[in-house]
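Visitor: Supplied structure: upload.cif, mmCIF, C-alpha atoms and all ligand atoms.
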```cif
data_data
#
loop_
_atom_site.label_atom_id
_atom_site.label_comp_id
_atom_site.auth_asym_id
_atom_site.auth_seq_id
_atom_site.Cartn_x
_atom_site.Cartn_y
_atom_site.Cartn_z
CA MET A 1 -185.03 3.38 12.54
CA ALA A 2 -185.56 1.46 15.78
CA THR A 3 -189.03 -0.01 16.17
CA ALA A 4 -190.77 -0.65 19.45
CA GLY A 5 -192.71 -3.89 19.74
CA ALA A 6 -193.44 -7.00 21.71
CA SER A 7 -190.25 -8.71 20.53
CA GLN A 8 -188.06 -5.82 21.65
CA PRO A 9 -185.96 -6.87 24.63
CA ILE A 10 -186.39 -4.85 27.80
CA GLN A 11 -183.74 -2.20 27.73
CA SER A 12 -180.39 -2.29 29.37
CA SER A 13 -180.60 -1.81 33.13
CA PRO A 14 -181.44 0.23 35.09
CA ASN A 15 -183.93 1.37 32.43
CA VAL A 16 -186.45 -1.30 33.35
CA VAL A 17 -187.51 -2.30 36.84
CA PHE A 18 -189.85 -4.93 38.23
CA LEU A 19 -192.63 -3.25 40.22
CA ASN A 20 -195.28 -5.37 41.98
CA GLY A 21 -195.39 -8.00 39.26
CA LYS A 22 -194.85 -5.78 36.21
CA PHE A 23 -191.80 -4.82 34.15
CA VAL A 24 -191.88 -1.05 33.86
CA PRO A 25 -189.43 1.44 32.30
CA ALA A 26 -187.65 3.01 35.28
CA ALA A 27 -188.65 6.49 34.14
CA GLU A 28 -192.31 5.47 34.27
CA ALA A 29 -192.20 3.41 37.50
CA ARG A 30 -194.31 5.18 40.13
CA VAL A 31 -194.47 4.76 43.90
CA SER A 32 -196.58 7.04 46.07
CA VAL A 33 -194.96 10.02 47.80
CA PHE A 34 -196.75 8.66 50.90
CA ASP A 35 -195.00 5.27 50.63
CA ARG A 36 -193.71 4.39 54.08
CA ALA A 37 -190.26 3.41 52.81
CA PHE A 38 -190.00 7.03 51.61
CA THR A 39 -191.52 8.66 54.69
CA TYR A 40 -190.07 6.39 57.41
CA GLY A 41 -187.66 3.91 55.85
CA ASP A 42 -190.35 1.31 56.65
CA GLY A 43 -189.21 -1.56 54.46
CA ILE A 44 -186.44 -4.05 53.78
CA PHE A 45 -184.02 -4.74 50.97
CA GLU A 46 -181.38 -7.15 49.72
CA THR A 47 -178.47 -6.52 47.38
CA LEU A 48 -177.13 -9.53 45.54
CA ARG A 49 -174.24 -9.95 43.16
CA VAL A 50 -175.05 -11.55 39.83
CA TYR A 51 -172.33 -13.67 38.22
CA GLY A 52 -172.75 -15.11 34.72
CA GLY A 53 -176.44 -14.21 34.68
CA LYS A 54 -177.28 -15.92 38.00
CA PRO A 55 -177.97 -14.20 41.32
CA PHE A 56 -175.28 -15.59 43.62
CA ALA A 57 -176.48 -17.17 46.90
CA TRP A 58 -180.14 -16.36 46.10
CA GLU A 59 -181.46 -18.79 48.76
CA LEU A 60 -179.31 -17.29 51.53
CA HIS A 61 -180.33 -13.74 50.63
CA LEU A 62 -184.00 -14.71 50.42
CA ALA A 63 -183.78 -16.48 53.78
CA ARG A 64 -182.46 -13.26 55.38
CA TRP A 65 -185.10 -11.22 53.51
CA ASN A 66 -187.84 -13.52 54.82
CA ARG A 67 -186.54 -13.21 58.39
CA ALA A 68 -186.60 -9.41 58.08
CA ALA A 69 -190.08 -9.47 56.50
CA GLU A 70 -191.31 -11.61 59.36
CA PHE A 71 -189.74 -9.27 61.96
CA LEU A 72 -191.37 -6.23 60.34
CA ARG A 73 -194.59 -8.20 59.68
CA LEU A 74 -194.40 -7.44 55.97
CA LYS A 75 -195.81 -9.70 53.28
CA CYS A 76 -194.28 -9.63 49.84
CA PRO A 77 -197.06 -9.32 47.23
CA VAL A 78 -195.09 -11.53 44.79
CA PRO A 79 -194.27 -15.16 45.70
CA GLU A 80 -190.62 -16.09 46.06
CA ASN A 81 -190.46 -18.36 42.99
CA GLU A 82 -191.95 -15.60 40.83
CA LEU A 83 -189.41 -13.13 42.21
CA LEU A 84 -186.62 -15.40 41.03
CA ILE A 85 -188.15 -15.81 37.56
CA ALA A 86 -188.56 -12.04 37.32
CA ALA A 87 -184.99 -11.46 38.54
CA LEU A 88 -183.63 -13.82 35.89
CA ARG A 89 -185.65 -12.01 33.22
CA LEU A 90 -184.43 -8.59 34.36
CA ILE A 91 -180.85 -9.84 34.27
CA ASP A 92 -181.16 -11.67 30.96
CA GLU A 93 -183.03 -9.05 29.01
CA GLY A 94 -181.23 -6.16 30.66
CA GLY A 95 -178.06 -7.54 29.07
CA LEU A 96 -176.03 -7.38 32.29
CA LYS A 97 -174.62 -10.81 33.10
CA ASP A 98 -172.39 -9.51 35.88
CA CYS A 99 -174.26 -6.94 37.88
CA ALA A 100 -175.91 -6.00 41.16
CA LEU A 101 -179.52 -6.95 41.83
CA ARG A 102 -181.51 -4.97 44.37
CA ILE A 103 -184.81 -6.13 45.82
CA GLN A 104 -186.80 -3.81 48.02
CA LEU A 105 -190.06 -4.35 49.88
CA SER A 106 -191.89 -1.38 51.34
CA ARG A 107 -194.93 -1.41 53.60
CA GLY A 108 -196.52 0.95 51.08
CA VAL A 109 -199.07 3.60 51.91
CA GLY A 110 -201.07 3.65 55.12
CA PRO A 111 -202.94 6.08 57.36
CA ARG A 112 -200.85 9.10 58.42
CA GLY A 113 -198.60 8.46 61.42
CA PHE A 114 -196.17 5.83 62.61
CA LEU A 115 -198.69 3.12 63.42
CA SER A 116 -198.41 0.53 60.68
CA ALA A 117 -201.98 -0.80 61.04
CA GLY A 118 -203.93 -0.11 57.88
CA ALA A 119 -200.89 -0.09 55.58
CA ASN A 120 -201.92 -3.15 53.64
CA ALA A 121 -200.54 -2.58 50.16
CA PRO A 122 -196.83 -3.49 50.22
CA VAL A 123 -194.67 -2.63 47.23
CA VAL A 124 -191.85 -4.78 45.86
CA VAL A 125 -189.29 -3.37 43.44
CA MET A 126 -186.36 -5.14 41.75
CA SER A 127 -183.70 -3.46 39.69
CA VAL A 128 -180.35 -4.40 38.18
CA HIS A 129 -177.32 -2.15 38.13
CA PRO A 130 -173.80 -2.37 36.74
CA ALA A 131 -171.52 -4.17 39.21
CA PRO A 132 -169.42 -1.78 41.25
CA LYS A 133 -165.67 -1.93 40.74
CA PRO A 134 -164.52 -2.58 44.31
CA LYS A 135 -161.38 -1.04 45.71
CA GLN A 136 -159.18 -3.78 47.12
CA SER A 137 -157.26 -1.87 49.76
CA LEU A 138 -159.39 0.01 52.19
CA ARG A 139 -158.87 2.79 54.71
CA LEU A 140 -161.26 2.72 57.65
CA ILE A 141 -162.09 5.04 60.50
CA THR A 142 -164.11 4.38 63.64
CA SER A 143 -167.52 5.98 63.21
CA SER A 144 -168.57 8.63 65.71
CA PHE A 145 -171.98 6.97 65.46
CA GLY A 146 -172.62 3.73 67.31
CA LEU A 147 -174.12 0.65 65.71
CA PRO A 148 -177.72 1.58 64.89
CA PRO A 149 -180.61 -0.44 66.30
CA LEU A 150 -182.00 -3.28 64.13
CA SER A 151 -178.61 -3.68 62.44
CA HIS A 152 -179.17 -7.43 62.30
CA LEU A 153 -181.82 -6.70 59.64
CA LYS A 154 -181.42 -5.08 56.24
CA THR A 155 -184.05 -2.39 56.69
CA CYS A 156 -184.51 0.61 54.41
CA ASN A 157 -183.71 2.89 57.33
CA ARG A 158 -180.04 3.64 56.59
CA LEU A 159 -179.66 7.22 57.78
CA VAL A 160 -176.91 6.45 60.30
CA HIS A 161 -175.09 4.43 57.62
CA VAL A 162 -175.33 7.36 55.20
CA LEU A 163 -173.99 9.85 57.76
CA ALA A 164 -171.22 7.48 58.89
CA ARG A 165 -170.14 6.88 55.29
CA ASP A 166 -170.09 10.65 54.64
CA GLU A 167 -168.02 11.13 57.80
CA ALA A 168 -165.56 8.52 56.52
CA ALA A 169 -165.34 10.20 53.10
CA GLU A 170 -164.73 13.59 54.72
CA LYS A 171 -161.79 12.03 56.59
CA GLY A 172 -160.41 10.49 53.40
CA ALA A 173 -161.49 6.96 54.38
CA ASP A 174 -163.48 4.36 52.44
CA ASP A 175 -165.73 3.11 55.22
CA ALA A 176 -166.44 3.46 58.94
CA ILE A 177 -166.46 0.86 61.70
CA PHE A 178 -169.46 0.74 64.00
CA LEU A 179 -168.84 -0.15 67.64
CA ASN A 180 -171.87 -1.46 69.52
CA ALA A 181 -173.22 -0.08 72.80
CA GLN A 182 -170.68 -2.23 74.71
CA GLY A 183 -167.82 -0.69 72.68
CA MET A 184 -167.22 -3.91 70.74
CA VAL A 185 -166.41 -3.98 67.02
CA ALA A 186 -169.58 -4.93 65.12
CA GLU A 187 -169.23 -4.19 61.38
CA THR A 188 -168.82 -1.28 58.96
CA THR A 189 -171.58 0.70 57.26
CA ALA A 190 -171.85 -1.84 54.46
CA ALA A 191 -169.74 -4.86 55.29
CA ASN A 192 -168.78 -7.44 57.88
CA ILE A 193 -165.27 -7.29 59.27
CA PHE A 194 -162.71 -10.05 59.84
CA TRP A 195 -159.20 -10.11 61.23
CA LEU A 196 -156.44 -12.63 61.76
CA GLU A 197 -154.84 -13.45 65.11
CA GLY A 198 -151.97 -15.72 64.11
CA ASN A 199 -153.69 -18.39 62.06
CA THR A 200 -157.10 -17.85 63.71
CA LEU A 201 -159.76 -16.12 61.65
CA CYS A 202 -161.77 -13.77 63.89
CA THR A 203 -165.02 -11.95 63.24
CA PRO A 204 -167.57 -10.22 65.47
CA ALA A 205 -170.18 -12.69 66.73
CA LEU A 206 -173.77 -12.11 65.64
CA SER A 207 -174.44 -11.21 69.31
CA THR A 208 -172.60 -7.90 68.66
CA GLY A 209 -175.63 -6.89 66.58
CA CYS A 210 -173.93 -7.02 63.18
CA LEU A 211 -175.77 -8.09 60.05
CA PRO A 212 -175.55 -11.84 59.44
CA GLY A 213 -173.76 -11.30 56.14
CA VAL A 214 -174.16 -13.91 53.43
CA THR A 215 -170.52 -13.46 52.44
CA ARG A 216 -169.51 -13.72 56.12
CA GLN A 217 -171.32 -17.06 56.35
CA LEU A 218 -169.76 -18.38 53.14
CA LEU A 219 -166.27 -17.31 54.21
CA LEU A 220 -166.63 -19.03 57.58
CA GLU A 221 -167.69 -22.17 55.70
CA LEU A 222 -164.77 -21.85 53.26
CA TRP A 223 -162.39 -21.53 56.20
CA GLY A 224 -163.48 -25.07 57.08
CA ARG A 225 -161.92 -26.63 60.13
CA SER A 226 -159.05 -24.16 60.42
CA PRO A 227 -159.10 -22.16 63.67
CA LYS A 228 -161.79 -19.49 63.78
CA ALA A 229 -163.55 -17.42 66.40
CA GLU A 230 -166.80 -15.50 66.36
CA LEU A 231 -166.28 -13.13 69.25
CA GLU A 232 -167.02 -9.84 70.96
CA GLY A 233 -163.79 -7.86 70.76
CA PRO A 234 -162.76 -4.21 71.29
CA LEU A 235 -161.13 -2.09 68.60
CA GLU A 236 -157.69 -2.60 70.20
CA ARG A 237 -157.90 -6.29 69.39
CA LEU A 238 -158.60 -5.55 65.73
CA LEU A 239 -155.80 -2.95 65.62
CA ALA A 240 -153.31 -5.43 67.09
CA SER A 241 -154.27 -8.14 64.58
CA ASP A 242 -152.17 -9.71 61.83
CA GLY A 243 -154.37 -8.35 59.04
CA ALA A 244 -158.00 -7.41 58.45
CA PHE A 245 -160.54 -7.45 55.66
CA LEU A 246 -164.15 -6.58 54.89
CA SER A 247 -166.73 -8.79 53.26
CA ASN A 248 -169.96 -8.18 51.46
CA SER A 249 -171.74 -9.40 48.37
CA MET A 250 -170.42 -6.58 46.17
CA ILE A 251 -166.76 -6.52 47.19
CA GLY A 252 -166.32 -10.17 48.16
CA VAL A 253 -163.16 -9.95 50.26
CA ALA A 254 -161.41 -6.55 50.44
CA ASP A 255 -158.18 -6.02 52.32
CA VAL A 256 -158.02 -3.30 55.00
CA ASN A 257 -154.73 -1.43 54.88
CA GLU A 258 -155.36 1.33 57.39
CA ILE A 259 -157.55 1.96 60.44
CA ASN A 260 -157.69 5.43 62.03
CA GLY A 261 -154.41 6.28 60.31
CA THR A 262 -152.61 3.15 61.57
CA ALA A 263 -151.26 0.85 58.86
CA MET A 264 -152.54 -2.73 59.03
CA PRO A 265 -150.33 -5.68 58.10
CA THR A 266 -150.98 -7.47 54.83
CA SER A 267 -151.42 -11.22 54.85
CA CYS A 268 -151.24 -13.82 52.11
CA THR A 269 -153.92 -15.75 54.02
CA ILE A 270 -156.34 -12.96 53.11
CA THR A 271 -155.31 -13.20 49.44
CA ASP A 272 -155.86 -16.98 49.58
CA LEU A 273 -159.33 -16.54 51.07
CA GLN A 274 -160.11 -13.89 48.48
CA GLU A 275 -159.19 -16.33 45.72
CA ALA A 276 -161.17 -19.17 47.32
CA TYR A 277 -164.22 -16.90 47.47
CA ILE A 278 -163.84 -15.87 43.81
CA LEU A 279 -163.73 -19.58 42.91
CA LYS A 280 -166.86 -20.18 45.00
CA THR A 281 -168.74 -17.47 43.10
CA GLY A 282 -167.74 -19.12 39.83
CA SER A 283 -166.37 -15.82 38.56
CA GLY A 284 -162.69 -16.74 38.66
C1 LIG B 301 -174.26 -3.14 57.35
C2 LIG B 301 -173.87 -4.33 56.53
N1 LIG B 301 -173.15 -5.31 57.09
C3 LIG B 301 -172.76 -6.40 56.40
C4 LIG B 301 -173.07 -6.56 55.06
C5 LIG B 301 -172.61 -7.77 54.31
O1 LIG B 301 -173.71 -8.55 53.92
P1 LIG B 301 -173.65 -9.52 52.66
O2 LIG B 301 -172.40 -10.33 52.77
O3 LIG B 301 -174.86 -10.36 52.83
O4 LIG B 301 -173.68 -8.68 51.43
C6 LIG B 301 -173.83 -5.56 54.44
C7 LIG B 301 -174.18 -5.69 53.03
O5 LIG B 301 -174.61 -4.80 52.38
C8 LIG B 301 -174.24 -4.43 55.18
O6 LIG B 301 -174.97 -3.45 54.63
#
```
Could you rewrite the structure in this file as structure tokens?
Guide:
Amino acid sequence: MATAGASQPIQSSPNVVFLNGKFVPAAEARVSVFDRAFTYGDGIFETLRVYGGKPFAWELHLARWNRAAEFLRLKCPVPENELLIAALRLIDEGGLKDCALRIQLSRGVGPRGFLSAGANAPVVVMSVHPAPKPKQSLRLITSSFGLPPLSHLKTCNRLVHVLARDEAAEKGADDAIFLNAQGMVAETTAANIFWLEGNTLCTPALSTGCLPGVTRQLLLELWGRSPKAELEGPLERLLASDGAFLSNSMIGVADVNEINGTAMPTSCTITDLQEAYILKTGSG
């Protein structure tokens, strides 16, 4: 018969979560129904990929998280070094060496209404989840929704992303491209986008409003001194390209094979970059 006790490892994820400094069985973890992340999406999050028990690019994700926290004037109740220790414990004892790690910070409960003054009890939650099995050949559509405001931050307010992803699924696509208010390609609901023009690697500039993706940054670094352009380009430019791919922490590099029903060319350059990224993550 199994015995419960202090020496028992915390159970396989997502059965245990880290909630404001404590490890709690997920079924017992409680957040108020008045929590502002629940009522307004008033919070931020990060999703990291864990390889071999280590959260990949932790510092880059935490730097983006800190920028978002500063923008929203949120203060994490747990210091950064303790978050990392807790994340490593969740991963180790949860028995998932290759997984997804989610960190969320909510403004917590405050007086009724939008005004955030008086909401002084932020809530941080970390959880680990089995790594998704990414599809490597993606069909995209252009979203009928434009790029939402604050897209340069990873806020908990993802309603437009949810609706755009549902719209894509209803049209038999895997993801949807957001164009910004100027009609320029920005990103998809959950990834940055790249394309090739000859041997030049192109991606929407951060000025389009896209999220400064950690994977995007690492890929631009991996590309080294080869020709590259961060630009503001219309959809036609992407459609006329020599191949396109998406990037995010979960999928790494994923080839795009169709946009709005038009087949996109395949490119061995994309496969090379995909392999270079896998090597970089140490998971190859
Ligand atoms: C809207 C959006 N753009 C881009 C990205 C890629 O970011 P990263 O490479 O940091 O995972 C994500 C990641 O989830 C995202 O949600």
Visitor: Collect all residues with atoms no farther than 9 Å from ligand LIG 301 (chain B), counting only C-alpha atoms and all ligand atoms, and output them as JSON, numbers by chain.
Guide: {"A": [46, 47, 48, 49, 60, 61, 64, 151, 152, 153, 154, 158, 161, 186, 187, 188, 189, 190, 191, 192, 193, 210, 211, 212, 213, 214, 215, 216, 217, 218, 246, 247, 248, 249, 250, 251, 252]}
Visitor: At most 9 Å from (-160.2, -16.0, 59.2), file frame, all atoms listed in the file: which residues, as a PyMOL selection string?
Guide: chain A and resi 194-197+199-203+219-220+223+226-229+244+269-270+273
Visitor: For Gly172 of chain A, work out the shell of residues within 9 Å, counting only C-alpha atoms and skipping chain neighbours fewer than 5 positions away, then give it as JSON, numbers by chain.
Guide: {"A": [139, 140, 167]}
Visitor: Counting all atoms listed in the file, what are the residues of segment 30-101 of chain A within 10 Å of segment 120-126 of chain A, and for each of them which pair of atoms is the nearest and at what distance in Å, to one decimal? Sort the table by chain and rising number, as a tab-separated table.
Guide:
```
residue	atom	partner	partner_atom	distance
A:Val31	CA	A:Val123	CA	8.1
A:Ser32	CA	A:Val123	CA	9.9
A:Asp35	CA	A:Val123	CA	8.6
A:Arg36	CA	A:Pro122	CA	9.3
A:Ala37	CA	A:Val123	CA	9.3
A:Gly43	CA	A:Pro122	CA	8.9
A:Ile44	CA	A:Val124	CA	9.6
A:Phe45	CA	A:Val125	CA	9.3
A:Glu46	CA	A:Met126	CA	9.6
A:Thr47	CA	A:Met126	CA	9.8
A:Leu74	CA	A:Pro122	CA	7.4
A:Lys75	CA	A:Pro122	CA	7.0
A:Cys76	CA	A:Pro122	CA	6.7
A:Pro77	CA	A:Pro122	CA	6.6
A:Val78	CA	A:Val124	CA	7.6
A:Leu83	CA	A:Met126	CA	8.6
A:Ala86	CA	A:Met126	CA	8.5
A:Ala87	CA	A:Met126	CA	7.2
A:Leu90	CA	A:Met126	CA	8.4
A:Leu101	CA	A:Met126	CA	7.1
```
Visitor: What does the distance between atom CA of Arg107 of chain A and atom CA of Ile85 of chain A come to in Å, to one decimal place?
Guide: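 A separation of 22.6 Å between them.
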Visitor: Can you work out the spacing between atom CA of His129 of chain A and atom CA of Ala100 of chain A in Å, to one decimal?
Guide: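 Value for the atom CA of His129 of chain A-atom CA of Ala100 of chain A distance: 5.1 Å.
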Visitor: In Å, with one decimal, what is the gap from atom CA of Ala117 of chain A to atom CA of Arg73 of chain A?
Guide: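 Computing it gives 10.5 Å between the two atoms.
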Visitor: Between A:Ala26, A:Tyr51, A:Gly261, A:Ile91, single out the one closest to Leu279 of chain A, counting all atoms listed in the file.
Guide: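 Selected residue with least distance to Leu279 of chain A: A:Tyr51.
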Visitor: With a distance cut-off of 10 Å and only C-alpha atoms, select the neighbouring residues of Ser283 of chain A, excluding the residue or stretch itself and same-chain residues fewer than 4 positions from it, and output the selection as a list in words.
Guide: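 Counting only the stated atoms, we get Val50, Tyr51, Gly52, Asp98, Tyr277, Ile278 and Leu279 of chain A.
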Visitor: How about saving the chosen residues, C-alpha atoms kept, as a PDB file, in the coordinates of the input?
Guide:
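Everything below was put into out38.pdb:
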```
ATOM      1  CA  VAL A  50    -175.050 -11.550  39.830  1.00  0.00           C
ATOM      2  CA  TYR A  51    -172.330 -13.670  38.220  1.00  0.00           C
ATOM      3  CA  GLY A  52    -172.750 -15.110  34.720  1.00  0.00           C
ATOM      4  CA  ASP A  98    -172.390  -9.510  35.880  1.00  0.00           C
ATOM      5  CA  TYR A 277    -164.220 -16.900  47.470  1.00  0.00           C
ATOM      6  CA  ILE A 278    -163.840 -15.870  43.810  1.00  0.00           C
ATOM      7  CA  LEU A 279    -163.730 -19.580  42.910  1.00  0.00           C
TER       8      LEU A 279
END
```
